[in-house]
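One file, work-v4.cif, is given below (mmCIF, C-alpha atoms).
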data_structure
loop_
_atom_site.label_atom_id
_atom_site.label_comp_id
_atom_site.auth_asym_id
_atom_site.auth_seq_id
_atom_site.Cartn_x
_atom_site.Cartn_y
_atom_site.Cartn_z
CA MET A 1 -22.16 -27.28 44.67
CA LYS A 2 -23.57 -23.91 45.65
CA ILE A 3 -23.42 -20.94 43.27
CA MET A 4 -23.51 -17.36 44.52
CA VAL A 5 -24.62 -14.61 42.13
CA ALA A 6 -24.28 -10.89 42.80
CA VAL A 7 -27.07 -8.69 41.38
CA LYS A 8 -27.41 -4.91 41.34
CA ARG A 9 -30.35 -2.51 41.16
CA VAL A 10 -29.83 0.14 38.48
CA VAL A 11 -31.84 2.58 36.39
CA ASP A 12 -33.60 0.57 33.68
CA TYR A 13 -31.62 0.45 30.44
CA ALA A 14 -34.56 1.85 28.45
CA VAL A 15 -34.91 4.99 30.60
CA LYS A 16 -33.57 8.29 29.30
CA ILE A 17 -31.05 9.43 31.90
CA ARG A 18 -31.52 12.89 33.49
CA ILE A 19 -28.88 14.77 35.46
CA LYS A 20 -29.84 16.28 38.81
CA PRO A 21 -30.09 20.10 38.82
CA ASP A 22 -27.15 20.38 41.23
CA LYS A 23 -25.10 18.06 38.96
CA SER A 24 -24.32 15.76 41.88
CA GLY A 25 -25.46 12.62 40.05
CA VAL A 26 -28.20 10.96 38.02
CA GLU A 27 -31.87 11.46 38.87
CA THR A 28 -33.33 8.26 40.35
CA GLN A 29 -36.54 9.58 41.96
CA ASN A 30 -39.69 8.31 40.19
CA VAL A 31 -37.51 6.48 37.67
CA LYS A 32 -38.01 2.85 36.66
CA MET A 33 -35.34 0.65 38.25
CA SER A 34 -34.46 -2.91 37.31
CA MET A 35 -31.78 -5.56 37.60
CA ASN A 36 -28.52 -4.74 35.85
CA PRO A 37 -28.63 -6.58 32.46
CA PHE A 38 -25.23 -8.24 32.98
CA CYS A 39 -26.41 -9.46 36.40
CA GLU A 40 -29.44 -11.04 34.70
CA ILE A 41 -27.06 -12.91 32.43
CA ALA A 42 -24.99 -14.05 35.42
CA LEU A 43 -28.09 -15.32 37.22
CA GLU A 44 -29.36 -17.07 34.10
CA GLU A 45 -26.05 -18.92 33.73
CA ALA A 46 -26.18 -20.04 37.36
CA LEU A 47 -29.73 -21.32 36.89
CA LYS A 48 -28.74 -23.22 33.74
CA ILE A 49 -25.86 -24.85 35.61
CA LYS A 50 -28.26 -25.88 38.39
CA GLU A 51 -30.80 -27.24 35.92
CA SER A 52 -28.08 -29.36 34.31
CA GLY A 53 -27.52 -31.05 37.68
CA LEU A 54 -24.09 -29.56 38.35
CA ALA A 55 -25.25 -27.38 41.26
CA LYS A 56 -27.75 -27.81 44.06
CA GLU A 57 -28.42 -24.23 45.09
CA VAL A 58 -28.30 -20.72 43.64
CA VAL A 59 -28.02 -17.83 46.09
CA ALA A 60 -28.65 -14.28 44.86
CA VAL A 61 -26.91 -11.43 46.70
CA THR A 62 -27.54 -7.70 46.52
CA MET A 63 -26.31 -4.66 48.42
CA GLY A 64 -27.80 -1.24 49.01
CA PRO A 65 -30.88 0.41 50.56
CA SER A 66 -34.09 -1.41 51.45
CA ASN A 67 -35.64 -0.99 47.99
CA CYS A 68 -32.93 -3.28 46.57
CA VAL A 69 -35.05 -6.15 47.89
CA ASP A 70 -37.29 -5.65 44.82
CA THR A 71 -34.37 -6.58 42.58
CA LEU A 72 -33.62 -9.56 44.80
CA ARG A 73 -37.25 -10.72 44.49
CA THR A 74 -36.86 -10.54 40.71
CA GLY A 75 -33.88 -12.86 40.98
CA LEU A 76 -35.87 -15.24 43.19
CA ALA A 77 -38.71 -15.17 40.65
CA MET A 78 -36.27 -16.09 37.90
CA GLY A 79 -35.34 -19.20 39.89
CA ALA A 80 -32.79 -18.42 42.61
CA ASP A 81 -33.39 -20.52 45.75
CA ARG A 82 -32.82 -17.80 48.33
CA GLY A 83 -31.49 -14.28 48.68
CA ILE A 84 -29.09 -12.27 50.79
CA HIS A 85 -29.48 -8.52 51.25
CA VAL A 86 -26.65 -6.49 52.72
CA GLU A 87 -28.35 -3.24 53.70
CA ALA A 88 -26.22 -0.15 53.24
CA ALA A 89 -27.57 3.39 53.14
CA ARG A 90 -24.72 4.92 51.14
CA ASP A 91 -23.49 4.10 47.65
CA LEU A 92 -20.91 1.33 47.57
CA VAL A 93 -17.77 1.56 45.46
CA PRO A 94 -16.44 -1.64 43.81
CA LEU A 95 -13.80 -2.30 46.46
CA SER A 96 -16.39 -2.13 49.26
CA VAL A 97 -18.66 -4.49 47.32
CA ALA A 98 -15.74 -6.89 46.85
CA LYS A 99 -14.95 -6.84 50.58
CA VAL A 100 -18.57 -7.57 51.49
CA LEU A 101 -18.71 -10.39 48.94
CA LYS A 102 -15.54 -11.87 50.40
CA LYS A 103 -17.17 -12.05 53.83
CA LEU A 104 -20.32 -13.60 52.37
CA VAL A 105 -18.24 -16.19 50.53
CA GLU A 106 -16.61 -17.11 53.84
CA VAL A 107 -20.08 -17.55 55.38
CA GLU A 108 -21.75 -19.38 52.47
CA ASN A 109 -18.75 -21.28 51.06
CA PRO A 110 -19.94 -21.43 47.42
CA GLY A 111 -18.11 -23.40 44.74
CA LEU A 112 -18.63 -20.68 42.14
CA LEU A 113 -19.17 -16.91 42.27
CA ILE A 114 -20.74 -15.36 39.17
CA LEU A 115 -21.12 -11.62 38.52
CA GLY A 116 -21.99 -9.43 35.58
CA LYS A 117 -18.84 -7.99 34.02
CA GLN A 118 -20.01 -4.45 34.85
CA ALA A 119 -23.01 -2.39 35.91
CA ILE A 120 -24.61 -0.05 33.39
CA ASP A 121 -24.77 2.83 35.89
CA ASP A 122 -21.08 3.27 36.78
CA ASP A 123 -19.48 1.02 34.09
CA CYS A 124 -16.59 0.30 36.46
CA ASN A 125 -15.87 -3.34 35.49
CA GLN A 126 -13.84 -3.82 38.68
CA THR A 127 -15.76 -5.85 41.26
CA GLY A 128 -15.17 -9.31 39.76
CA GLN A 129 -11.44 -8.78 39.47
CA MET A 130 -11.19 -7.34 42.97
CA ILE A 131 -13.10 -10.16 44.67
CA ALA A 132 -10.98 -12.74 42.85
CA ALA A 133 -7.84 -11.02 44.15
CA LEU A 134 -9.19 -10.80 47.72
CA LEU A 135 -10.19 -14.48 47.73
CA GLY A 136 -7.13 -15.70 45.86
CA TRP A 137 -9.44 -17.54 43.43
CA PRO A 138 -8.86 -17.97 39.68
CA GLN A 139 -11.00 -15.71 37.51
CA GLY A 140 -12.57 -15.86 34.07
CA THR A 141 -13.78 -12.42 32.99
CA PHE A 142 -15.97 -11.46 30.00
CA ALA A 143 -17.22 -15.05 29.71
CA SER A 144 -19.15 -15.92 26.55
CA LYS A 145 -19.26 -19.68 27.30
CA VAL A 146 -18.95 -21.63 30.56
CA VAL A 147 -18.57 -25.42 30.82
CA LEU A 148 -18.20 -27.16 34.20
CA ASP A 149 -16.55 -30.53 34.82
CA LYS A 150 -17.90 -31.79 38.14
CA GLU A 151 -15.49 -34.74 38.38
CA LYS A 152 -12.33 -32.73 37.73
CA GLN A 153 -13.70 -29.69 39.61
CA VAL A 154 -12.74 -27.29 36.83
CA ALA A 155 -14.56 -24.69 34.73
CA THR A 156 -13.68 -24.05 31.10
CA VAL A 157 -14.41 -20.44 30.15
CA ASP A 158 -14.36 -18.86 26.71
CA ARG A 159 -13.75 -15.15 27.24
CA GLU A 160 -14.04 -12.32 24.74
CA VAL A 161 -10.82 -10.39 24.19
CA ASP A 162 -9.77 -7.78 21.63
CA GLY A 163 -8.22 -10.40 19.36
CA GLY A 164 -11.18 -12.81 19.46
CA LEU A 165 -11.73 -15.58 22.02
CA GLU A 166 -9.47 -16.88 24.77
CA THR A 167 -10.15 -20.21 26.52
CA LEU A 168 -9.21 -20.65 30.19
CA CYS A 169 -9.40 -23.69 32.45
CA LEU A 170 -10.10 -22.65 36.05
CA ASP A 171 -9.85 -24.77 39.18
CA LEU A 172 -12.95 -24.46 41.33
CA PRO A 173 -13.84 -22.48 43.37
CA ALA A 174 -13.55 -19.60 40.91
CA VAL A 175 -14.93 -16.19 39.98
CA ILE A 176 -16.62 -15.70 36.60
CA THR A 177 -17.89 -12.42 35.15
CA THR A 178 -20.38 -12.63 32.31
CA ASP A 179 -20.43 -10.94 28.94
CA LEU A 180 -23.42 -10.05 26.77
CA ARG A 181 -23.31 -13.08 24.46
CA LEU A 182 -23.23 -15.76 27.17
CA ASN A 183 -26.99 -16.40 27.19
CA GLN A 184 -30.47 -14.92 26.94
CA PRO A 185 -32.01 -14.34 30.41
CA ARG A 186 -35.43 -15.83 31.03
CA TYR A 187 -38.54 -13.89 32.00
CA ALA A 188 -40.04 -14.38 35.44
CA THR A 189 -43.45 -16.03 35.07
CA LEU A 190 -46.42 -15.02 37.22
CA PRO A 191 -46.46 -18.30 39.22
CA ASN A 192 -42.75 -17.91 39.96
CA ILE A 193 -43.25 -14.28 40.96
CA MET A 194 -45.83 -15.46 43.50
CA LYS A 195 -43.53 -18.23 44.75
CA ALA A 196 -40.69 -15.73 45.16
CA LYS A 197 -42.65 -13.91 47.87
CA SER A 198 -42.22 -16.90 50.19
CA LYS A 199 -38.55 -17.56 49.45
CA PRO A 200 -36.19 -16.60 52.29
CA ILE A 201 -34.07 -13.43 52.22
CA LYS A 202 -31.40 -13.13 54.87
CA LYS A 203 -30.36 -9.64 55.89
CA TYR A 204 -26.93 -8.43 56.97
CA THR A 205 -25.31 -5.08 57.57
CA PRO A 206 -21.68 -4.34 56.68
CA GLU A 207 -20.98 -3.98 60.41
CA GLU A 208 -22.29 -7.50 61.08
CA LEU A 209 -19.90 -8.77 58.42
CA ASN A 210 -17.07 -6.74 59.97
CA VAL A 211 -16.61 -4.65 56.82
CA LYS A 212 -15.93 -0.93 57.11
CA ILE A 213 -17.61 0.95 54.28
CA LYS A 214 -15.68 3.90 52.95
CA SER A 215 -15.30 5.57 49.58
CA ASP A 216 -12.01 6.33 47.89
CA LEU A 217 -13.88 8.13 45.12
CA GLU A 218 -15.34 11.63 45.08
CA VAL A 219 -17.86 12.76 42.49
CA VAL A 220 -16.91 16.30 41.53
CA GLN A 221 -19.61 16.91 38.94
CA VAL A 222 -21.90 14.96 36.63
CA THR A 223 -22.68 16.55 33.26
CA GLU A 224 -24.31 15.45 30.04
CA PRO A 225 -22.05 14.81 27.03
CA PRO A 226 -21.85 17.71 24.57
CA LYS A 227 -24.52 17.88 21.92
CA ARG A 228 -23.47 16.37 18.63
CA LYS A 229 -23.04 18.91 15.84
CA ALA A 230 -25.12 18.59 12.71
CA GLY A 231 -23.43 17.00 9.73
CA VAL A 232 -22.52 18.91 6.58
CA ILE A 233 -22.46 17.91 2.93
CA LEU A 234 -19.16 18.59 1.18
CA SER A 235 -18.73 19.14 -2.52
CA SER A 236 -15.32 17.52 -3.05
CA VAL A 237 -12.68 15.21 -1.62
CA ASP A 238 -10.29 18.16 -1.30
CA GLU A 239 -12.78 19.98 0.91
CA LEU A 240 -13.20 16.85 3.06
CA ILE A 241 -9.46 16.49 3.53
CA ASP A 242 -9.16 20.17 4.40
CA LYS A 243 -11.84 19.90 7.12
CA LEU A 244 -10.36 16.68 8.54
CA LYS A 245 -6.97 18.36 8.71
CA ASN A 246 -7.83 21.87 9.89
CA GLU A 247 -11.12 21.46 11.82
CA ALA A 248 -11.25 17.90 13.11
CA HIS A 249 -7.45 17.60 13.39
CA VAL A 250 -7.56 13.86 12.74
CA ILE A 251 -5.05 13.78 9.87
#
What does this structure look like when you write it as structure tokens?
Amino acid sequence: MKIMVAVKRVVDYAVKIRIKPDKSGVETQNVKMSMNPFCEIALEEALKIKESGLAKEVVAVTMGPSNCVDTLRTGLAMGADRGIHVEAARDLVPLSVAKVLKKLVEVENPGLLILGKQAIDDDCNQTGQMIAALLGWPQGTFASKVVLDKEKQVATVDREVDGGLETLCLDLPAVITTDLRLNQPRYATLPNIMKAKSKPIKKYTPEELNVKIKSDLEVVQVTEPPKRKAGVILSSVDELIDKLKNEAHVI
């Protein structure tokens, strides 16, 4: 079985975000970029499945400008067998990403597609659900545990929901999106980083995949959240209730 994993290049989670002066977006020039943390978890799960003997190949896929290859190389250094880069100059909205992934699935014919549940830059949490709908595949979102049965060709997924855990049994091929508690991603070792330089990366454009890229979203303005007000010390319960009622308007 072949596993395809989608990875995304985002501003590193440890970087303090700065808004552009024209408020058109987030500043990314001279800012440390890295693989989206949920994508790391997705790739780690695919590698664990391969190491258990249930898959033969892990293919990492990314989309975006040429510098996204750096993120793809990170995935290859972690253990992916080869990479696919769909080069697109403009930002891709989740539906466009899902359409491109659909075309790549038709080309590669994987038995499992794994994605992070969301990216930490836009927090959309939409791509996995959209690609499952486009492919007509079963989906297990917010996965905290994945168990494959090769003989029965099914995947058992424990997913995190508001009320606790929900267990689904999915016929393969399927789409799985990963949650934070699924695993702990490995670090890329220096020897594997060197090996990754020789691993193949196939390039496509959306036009070659017959996908028309367009955006149904328009960014009007990006602003920082309001500064949090300093706390105050109150002298009595009555004063607290009064402020909750007349200032905070929460009771």
Residues of segment 20-49 of chain A that have any atom at most 12 Å from an atom of segment 121-134 of chain A: could you tabulate them with the shortest-distance atom pair and the distance in Å to one decimal, using all atoms listed in the file, ordered by chain and increasing number, as a Markdown table?
| residue | atom | partner | partner_atom | distance |
| --- | --- | --- | --- | --- |
| A:Gly25 | CA | A:Asp121 | CA | 10.7 |
| A:Val26 | CA | A:Asp121 | CA | 9.1 |
| A:Glu27 | CA | A:Asp121 | CA | 11.6 |
| A:Thr28 | CA | A:Asp121 | CA | 11.1 |
| A:Met33 | CA | A:Asp121 | CA | 11.0 |
| A:Ser34 | CA | A:Asp121 | CA | 11.4 |
| A:Met35 | CA | A:Asp121 | CA | 11.1 |
| A:Asn36 | CA | A:Asp121 | CA | 8.4 |
| A:Pro37 | CA | A:Asp121 | CA | 10.7 |
| A:Phe38 | CA | A:Asn125 | CA | 10.9 |
| A:Cys39 | CA | A:Gly128 | CA | 11.7 |
| A:Ala42 | CA | A:Gly128 | CA | 11.7 |
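The spacing separating atom CA of Lys203 of chain A from atom CA of Ile84 of chain A amounts to 5.9 Å.
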(Q) If the PyMOL selection byres ((chain A and resi 1) around 6) were run on this exact file, what residues would it hold? Put them as JSON, numbers by chain. (A) {"A": [2, 55, 56, 111]}
Q) Evaluating the PyMOL selection byres ((chain A and resi 60-67) around 9) on the displayed file yields which residues, as a PyMOL selection string? A) chain A and resi 3-9+43+58-59+68-72+75-76+80-92+97+100-101+104
Q) What do you get, as a ChimeraX atom specification, if you spell out every residue that the PyMOL selection byres ((chain A and resi 212) around 12) selects here? A) /A:88,92,95-100,103,205-211,213-215
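Distance check against Thr223 of chain A using all atoms listed in the file: of A:Glu106, A:Asp12, A:Glu151, A:Arg18, the minimum falls on A:Arg18.
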(Q) With distances taken over only C-alpha atoms, which residue among A:Ile251, A:Ile233, A:Ile41, A:Ile17 lies nearest Arg181 of chain A? (A) A:Ile41
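If you look at atom CA of Val147 of chain A and atom CA of Thr189 of chain A, they are 26.9 Å away from each other.
If you look at atom CA of Arg73 of chain A and atom CA of Ala143 of chain A, they are 25.3 Å away from each other.
Nearest-residue note for Thr178 of chain A: choosing from A:Glu45, A:Ser198, A:Lys245, A:Met78, the minimum distance belongs to A:Glu45, counting all atoms listed in the file.
Of the residues under consideration (A:Leu170, A:Ala46, A:Val220, A:Ala188), A:Ala46 shows the shortest atom-to-atom contact distance to Leu115 of chain A when counting all atoms listed in the file.
Residue nearest Tyr13 of chain A within the list A:Ile176, A:Val105, A:Ala119, A:Leu47: A:Ala119 [criterion: smallest interatomic distance, all atoms listed in the file].
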Q | Given all atoms listed in the file as the counted atoms, nearest of A:Val219, A:Leu112, A:Val232, A:Ile193 to Asp171 of chain A | A | A:Leu112
Kindly compute an axis-aligned box around the listed atoms of segment 141-152 of chain A, allowing 5 Å on each side, and express its centre and edge lengths in Å to one decimal as AutoDock Vina command-line options.
--center_x -15.8 --center_y -23.1 --center_z 32.5 --size_x 16.9 --size_y 33.3 --size_z 21.8
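Excluding Pro185 of chain A and any residue on its chain fewer than 2 positions from it, the residues at most 7 Å away by all atoms listed in the file are A:Glu40, A:Ile41, A:Glu44, A:Asn183, A:Tyr187.
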Could I get segment 177-188 of chain A rebuilt with all heavy atoms, written as a PDB file, in the coordinates of the input?
ATOM      1  N   THR A 177     -17.068 -13.577  35.492  1.00  0.00           N
ATOM      2  CA  THR A 177     -17.890 -12.420  35.150  1.00  0.00           C
ATOM      3  C   THR A 177     -18.426 -12.611  33.731  1.00  0.00           C
ATOM      4  O   THR A 177     -17.703 -13.069  32.853  1.00  0.00           O
ATOM      5  CB  THR A 177     -17.114 -11.092  35.260  1.00  0.00           C
ATOM      6  OG1 THR A 177     -16.148 -11.002  34.210  1.00  0.00           O
ATOM      7  CG2 THR A 177     -16.410 -10.992  36.598  1.00  0.00           C
ATOM      8  N   THR A 178     -19.677 -12.262  33.534  1.00  0.00           N
ATOM      9  CA  THR A 178     -20.380 -12.630  32.310  1.00  0.00           C
ATOM     10  C   THR A 178     -20.436 -11.493  31.304  1.00  0.00           C
ATOM     11  O   THR A 178     -20.614 -10.337  31.656  1.00  0.00           O
ATOM     12  CB  THR A 178     -21.825 -13.059  32.642  1.00  0.00           C
ATOM     13  OG1 THR A 178     -22.499 -11.986  33.320  1.00  0.00           O
ATOM     14  CG2 THR A 178     -21.809 -14.275  33.561  1.00  0.00           C
ATOM     15  N   ASP A 179     -20.313 -11.892  30.031  1.00  0.00           N
ATOM     16  CA  ASP A 179     -20.430 -10.940  28.940  1.00  0.00           C
ATOM     17  C   ASP A 179     -21.805 -11.063  28.297  1.00  0.00           C
ATOM     18  O   ASP A 179     -22.584 -11.965  28.614  1.00  0.00           O
ATOM     19  CB  ASP A 179     -19.318 -11.175  27.903  1.00  0.00           C
ATOM     20  CG  ASP A 179     -18.881  -9.887  27.227  1.00  0.00           C
ATOM     21  OD1 ASP A 179     -19.734  -9.002  27.050  1.00  0.00           O
ATOM     22  OD2 ASP A 179     -17.694  -9.750  26.887  1.00  0.00           O
ATOM     23  N   LEU A 180     -22.074 -10.183  27.342  1.00  0.00           N
ATOM     24  CA  LEU A 180     -23.420 -10.050  26.770  1.00  0.00           C
ATOM     25  C   LEU A 180     -23.864 -11.293  26.014  1.00  0.00           C
ATOM     26  O   LEU A 180     -25.036 -11.651  26.018  1.00  0.00           O
ATOM     27  CB  LEU A 180     -23.448  -8.828  25.854  1.00  0.00           C
ATOM     28  CG  LEU A 180     -24.809  -8.349  25.370  1.00  0.00           C
ATOM     29  CD1 LEU A 180     -25.651  -7.871  26.537  1.00  0.00           C
ATOM     30  CD2 LEU A 180     -24.652  -7.229  24.361  1.00  0.00           C
ATOM     31  N   ARG A 181     -22.943 -11.987  25.351  1.00  0.00           N
ATOM     32  CA  ARG A 181     -23.310 -13.080  24.460  1.00  0.00           C
ATOM     33  C   ARG A 181     -23.323 -14.450  25.137  1.00  0.00           C
ATOM     34  O   ARG A 181     -23.397 -15.464  24.474  1.00  0.00           O
ATOM     35  CB  ARG A 181     -22.370 -13.098  23.245  1.00  0.00           C
ATOM     36  CG  ARG A 181     -22.748 -12.045  22.215  1.00  0.00           C
ATOM     37  CD  ARG A 181     -21.593 -11.684  21.317  1.00  0.00           C
ATOM     38  NE  ARG A 181     -20.625 -10.876  22.020  1.00  0.00           N
ATOM     39  CZ  ARG A 181     -20.735  -9.559  22.208  1.00  0.00           C
ATOM     40  NH1 ARG A 181     -21.797  -8.927  21.762  1.00  0.00           N
ATOM     41  NH2 ARG A 181     -19.815  -8.883  22.857  1.00  0.00           N
ATOM     42  N   LEU A 182     -23.247 -14.485  26.465  1.00  0.00           N
ATOM     43  CA  LEU A 182     -23.230 -15.760  27.170  1.00  0.00           C
ATOM     44  C   LEU A 182     -24.568 -16.491  27.073  1.00  0.00           C
ATOM     45  O   LEU A 182     -24.611 -17.697  26.841  1.00  0.00           O
ATOM     46  CB  LEU A 182     -22.847 -15.539  28.637  1.00  0.00           C
ATOM     47  CG  LEU A 182     -22.796 -16.769  29.534  1.00  0.00           C
ATOM     48  CD1 LEU A 182     -21.788 -17.790  29.010  1.00  0.00           C
ATOM     49  CD2 LEU A 182     -22.441 -16.383  30.962  1.00  0.00           C
ATOM     50  N   ASN A 183     -25.666 -15.773  27.251  1.00  0.00           N
ATOM     51  CA  ASN A 183     -26.990 -16.400  27.190  1.00  0.00           C
ATOM     52  C   ASN A 183     -28.070 -15.342  27.042  1.00  0.00           C
ATOM     53  O   ASN A 183     -27.775 -14.142  27.008  1.00  0.00           O
ATOM     54  CB  ASN A 183     -27.238 -17.257  28.450  1.00  0.00           C
ATOM     55  CG  ASN A 183     -27.154 -16.437  29.733  1.00  0.00           C
ATOM     56  OD1 ASN A 183     -27.778 -15.382  29.860  1.00  0.00           O
ATOM     57  ND2 ASN A 183     -26.357 -16.900  30.693  1.00  0.00           N
ATOM     58  N   GLN A 184     -29.307 -15.809  26.987  1.00  0.00           N
ATOM     59  CA  GLN A 184     -30.470 -14.920  26.940  1.00  0.00           C
ATOM     60  C   GLN A 184     -31.278 -15.122  28.219  1.00  0.00           C
ATOM     61  O   GLN A 184     -31.865 -16.188  28.424  1.00  0.00           O
ATOM     62  CB  GLN A 184     -31.347 -15.237  25.724  1.00  0.00           C
ATOM     63  CG  GLN A 184     -32.571 -14.355  25.575  1.00  0.00           C
ATOM     64  CD  GLN A 184     -32.220 -12.896  25.287  1.00  0.00           C
ATOM     65  OE1 GLN A 184     -31.333 -12.622  24.506  1.00  0.00           O
ATOM     66  NE2 GLN A 184     -32.941 -11.982  25.921  1.00  0.00           N
ATOM     67  N   PRO A 185     -31.296 -14.138  29.134  1.00  0.00           N
ATOM     68  CA  PRO A 185     -32.010 -14.340  30.410  1.00  0.00           C
ATOM     69  C   PRO A 185     -33.490 -14.626  30.200  1.00  0.00           C
ATOM     70  O   PRO A 185     -34.133 -14.101  29.287  1.00  0.00           O
ATOM     71  CB  PRO A 185     -31.814 -12.994  31.125  1.00  0.00           C
ATOM     72  CG  PRO A 185     -30.593 -12.405  30.509  1.00  0.00           C
ATOM     73  CD  PRO A 185     -30.620 -12.834  29.077  1.00  0.00           C
ATOM     74  N   ARG A 186     -34.027 -15.466  31.077  1.00  0.00           N
ATOM     75  CA  ARG A 186     -35.430 -15.830  31.030  1.00  0.00           C
ATOM     76  C   ARG A 186     -36.298 -14.735  31.670  1.00  0.00           C
ATOM     77  O   ARG A 186     -35.807 -13.916  32.443  1.00  0.00           O
ATOM     78  CB  ARG A 186     -35.663 -17.153  31.768  1.00  0.00           C
ATOM     79  CG  ARG A 186     -35.443 -17.059  33.283  1.00  0.00           C
ATOM     80  CD  ARG A 186     -35.363 -18.429  33.915  1.00  0.00           C
ATOM     81  NE  ARG A 186     -34.154 -19.134  33.495  1.00  0.00           N
ATOM     82  CZ  ARG A 186     -33.895 -20.405  33.809  1.00  0.00           C
ATOM     83  NH1 ARG A 186     -34.740 -21.099  34.545  1.00  0.00           N
ATOM     84  NH2 ARG A 186     -32.782 -20.973  33.393  1.00  0.00           N
ATOM     85  N   TYR A 187     -37.587 -14.790  31.347  1.00  0.00           N
ATOM     86  CA  TYR A 187     -38.540 -13.890  32.000  1.00  0.00           C
ATOM     87  C   TYR A 187     -39.115 -14.591  33.223  1.00  0.00           C
ATOM     88  O   TYR A 187     -39.300 -15.809  33.231  1.00  0.00           O
ATOM     89  CB  TYR A 187     -39.672 -13.525  31.041  1.00  0.00           C
ATOM     90  CG  TYR A 187     -39.254 -12.599  29.927  1.00  0.00           C
ATOM     91  CD1 TYR A 187     -39.041 -13.089  28.643  1.00  0.00           C
ATOM     92  CD2 TYR A 187     -39.068 -11.241  30.154  1.00  0.00           C
ATOM     93  CE1 TYR A 187     -38.643 -12.250  27.613  1.00  0.00           C
ATOM     94  CE2 TYR A 187     -38.674 -10.392  29.128  1.00  0.00           C
ATOM     95  CZ  TYR A 187     -38.460 -10.903  27.863  1.00  0.00           C
ATOM     96  OH  TYR A 187     -38.071 -10.070  26.852  1.00  0.00           O
ATOM     97  N   ALA A 188     -39.407 -13.829  34.250  1.00  0.00           N
ATOM     98  CA  ALA A 188     -40.040 -14.380  35.440  1.00  0.00           C
ATOM     99  C   ALA A 188     -41.531 -14.550  35.166  1.00  0.00           C
ATOM    100  O   ALA A 188     -42.219 -13.587  34.823  1.00  0.00           O
ATOM    101  CB  ALA A 188     -39.815 -13.463  36.636  1.00  0.00           C
TER     102      ALA A 188
END
